[in-house]
Amino acid sequence: RDVAEFSRMNRCRFFTILWLQCINGSRGYVVGMAGIITDSPVKVPSRRQMAAAGFCFGSGVLLPTRAAGISLARGELMEVRDPNTYASLLYKPSSSQQEKLPLLVVLHGAGKNEGPIWSLADPNGEHAGLVPSLIAAGEAPAALTHNFAVVAPYSTGRRSFYEEPRAKLLQFVEWICSDTGRASGCPDVDTSRIFLFGFSDGATVGVELATTRRFRAGVFAAYGFTGQLPSLALERLKGFPVWLFHSADDVIFSVNNSDRLFAALREEGNADLVRYTRYDRDQEGFTGRVRGHSTGITASKQTDIYTW
């Protein structure tokens, strides 16, 4: 019954067995320079099951089962692993441009996260539809695959990055940009042009990371923090370009979260730097327990976010 329902939601045929993941999560809160500002984690019931679950593109992509890579028309998708922080999928374009590449850091949403690192690129996996699976399926916009290096860390064994120290993610980004990272296959990136893309819990954590001023700009879809950002966080986000995506019918995270963040950022003086794409209904056609919670997929497919 669940498989049939999920198939209808995605409006596509299944070429492989769909791995349904039922997940619980905890709400994300805010980090500022003074430290982590938290509330008690809140267990979310079954409405959040299958959030960020397998959005099938029917691509028939064959993914590596070991530490290997995929050669693509526009570049290479490979696994890189910092032994002190995260395993990740890394994409680098094959173009021979001489200038250093900008880097897009992709933070996935909640899930079981018990699979191999290549599950991030699985078109039938729990994080399908985000940038890694679009790249693997050849569906990512050319504006991304021609011009950006992309790294997607994996919160192995954790429901999401919210359960991890924020310093660990920052350490991971530093490793990607280091000589050690380059020796492991990472491209030479422009450290002044590191961008964030976060979906769901990844969006919540992404906004927190943005307060460190380490990043150039951020795209955040289905932001999950239910409160008001502290004044210190808003102050540190002043001058930081943000593009928010949310759907009014999101049954996982209320659209009010992004409404509130958008208003707060504009009031802080960021009116010219903040965009908000607010949909009336789910753009991917999902219904039931994940209705409206697909803006990470919708945003990932849009050329504009990579040229903005």
# chains A, B, ... in the order shown; residues from 1 in each chain; ligands from 1
$ select_by_dssp --residues "segment 148-189 of chain A" --states "alpha helix (DSSP H)" --output "list in words"
Arg166, Ala167, Lys168, Leu169, Leu170, Gln171, Phe172, Val173, Glu174, Trp175, Ile176, Asp179, Thr180, Gly181, Arg182 and Ala183 of chain A
$ residues_around --residues "segment 110-119 of chain A" --least-positions-apart "6" --cutoff "6 Å" --atoms "only C-alpha atoms" --output "VMD selection string"
chain A and resid 23 125 156 to 157 159 to 160
$ residues_around --residues "Val150 of chain A" --least-positions-apart "5" --cutoff "8 Å" --atoms "only C-alpha atoms" --output "MDAnalysis selection string"
chainID A and resid 90:92 103:106
$ write_last_selection --atoms "N, CA and C atoms" --output "PDB file, in the first residue's frame"
ATOM      1  N   LEU A  90      31.638  14.243  -4.146  1.00  0.00           N
ATOM      2  CA  LEU A  90      32.242  15.438  -4.726  1.00  0.00           C
ATOM      3  C   LEU A  90      32.079  15.412  -6.228  1.00  0.00           C
ATOM      4  N   TYR A  91      31.640  16.530  -6.764  1.00  0.00           N
ATOM      5  CA  TYR A  91      31.562  16.683  -8.222  1.00  0.00           C
ATOM      6  C   TYR A  91      32.528  17.773  -8.650  1.00  0.00           C
ATOM      7  N   LYS A  92      33.254  17.495  -9.731  1.00  0.00           N
ATOM      8  CA  LYS A  92      34.099  18.535 -10.322  1.00  0.00           C
ATOM      9  C   LYS A  92      33.941  18.486 -11.832  1.00  0.00           C
ATOM     10  N   LEU A 103      32.555  26.765  -4.908  1.00  0.00           N
ATOM     11  CA  LEU A 103      32.162  25.505  -4.285  1.00  0.00           C
ATOM     12  C   LEU A 103      30.751  25.618  -3.729  1.00  0.00           C
ATOM     13  N   LEU A 104      29.912  24.655  -4.061  1.00  0.00           N
ATOM     14  CA  LEU A 104      28.568  24.558  -3.492  1.00  0.00           C
ATOM     15  C   LEU A 104      28.552  23.413  -2.488  1.00  0.00           C
ATOM     16  N   VAL A 105      28.196  23.715  -1.249  1.00  0.00           N
ATOM     17  CA  VAL A 105      28.087  22.713  -0.187  1.00  0.00           C
ATOM     18  C   VAL A 105      26.606  22.373  -0.026  1.00  0.00           C
ATOM     19  N   VAL A 106      26.253  21.104  -0.245  1.00  0.00           N
ATOM     20  CA  VAL A 106      24.867  20.660  -0.205  1.00  0.00           C
ATOM     21  C   VAL A 106      24.618  19.894   1.094  1.00  0.00           C
TER      22      VAL A 106
END
$ closest_residue --among "A:Ile305, A:Val205, A:Ala263, A:Val255" --to "Glu163 of chain A" --atoms "only C-alpha atoms"
A:Val205
$ closest_residue --among "A:Cys177, A:Leu89, A:Leu107, A:Ala183" --to "Thr204 of chain A" --atoms "only C-alpha atoms"
A:Leu107
$ atom_distance --atom1 "atom CA of Leu144 of chain A" --atom2 "atom CA of Ser88 of chain A"
17.9 Å
$ closest_atom_pairs --of "segment 167-244 of chain A" --to "segment 74-85 of chain A" --cutoff "8 Å" --atoms "only C-alpha atoms" --output "CSV"
residue,atom,partner,partner_atom,distance
A:Lys168,CA,A:Thr85,CA,6.1
A:Leu169,CA,A:Thr85,CA,7.3
A:Gln171,CA,A:Thr85,CA,7.2
A:Phe172,CA,A:Thr85,CA,5.8
A:Trp175,CA,A:Asp82,CA,7.1
A:Gly181,CA,A:Asp82,CA,7.7
A:Ser184,CA,A:Val80,CA,6.6
A:Gly185,CA,A:Val80,CA,7.0
A:Cys186,CA,A:Val80,CA,7.5
$ write_last_selection --atoms "C-alpha atoms" --output "PDB file, in the first residue's frame"
ATOM      1  CA  LYS A 168      32.427  19.559  12.500  1.00  0.00           C
ATOM      2  CA  LEU A 169      30.827  20.819   9.286  1.00  0.00           C
ATOM      3  CA  GLN A 171      36.095  21.618   9.779  1.00  0.00           C
ATOM      4  CA  PHE A 172      34.936  19.496   6.867  1.00  0.00           C
ATOM      5  CA  TRP A 175      39.457  20.092   4.759  1.00  0.00           C
ATOM      6  CA  GLY A 181      41.722  17.615   0.576  1.00  0.00           C
ATOM      7  CA  SER A 184      42.364  13.235  -1.862  1.00  0.00           C
ATOM      8  CA  GLY A 185      40.880  14.435  -5.145  1.00  0.00           C
ATOM      9  CA  CYS A 186      39.217  17.741  -4.241  1.00  0.00           C
TER      10      CYS A 186
END
$ residues_around --residues "Leu170 of chain A" --least-positions-apart "4" --cutoff "9 Å" --atoms "only C-alpha atoms" --output "PyMOL selection string"
chain A and resi 166+174-175+209+214
$ residues_around --residues "Ile135 of chain A" --least-positions-apart "2" --cutoff "9 Å" --atoms "only C-alpha atoms" --output "number ranges by chain"
A: 72, 77, 91, 121, 130-133, 137-141, 145
$ residues_around --residues "segment 198-202 of chain A" --least-positions-apart "6" --cutoff "8 Å" --atoms "only C-alpha atoms" --output "VMD selection string"
chain A and resid 27 to 28 106 to 110 160 to 162 218 to 224 253 295 to 296
$ closest_residue --among "A:Arg275, A:His127, A:His246, A:Arg281" --to "Ser258 of chain A" --atoms "only C-alpha atoms"
A:His246
$ select_by_dssp --residues "segment 49-284 of chain A" --states "strand (DSSP E)" --output "number ranges by chain"
A: 69-71, 75-81, 87-93, 101-107, 149-153, 189-199, 217-221, 242-247, 274-279
$ atom_distance --atom1 "atom CA of Thr287 of chain A" --atom2 "atom CA of Tyr306 of chain A"
28.2 Å
$ atom_distance --atom1 "atom CA of Ala136 of chain A" --atom2 "atom CA of Phe148 of chain A"
14.9 Å
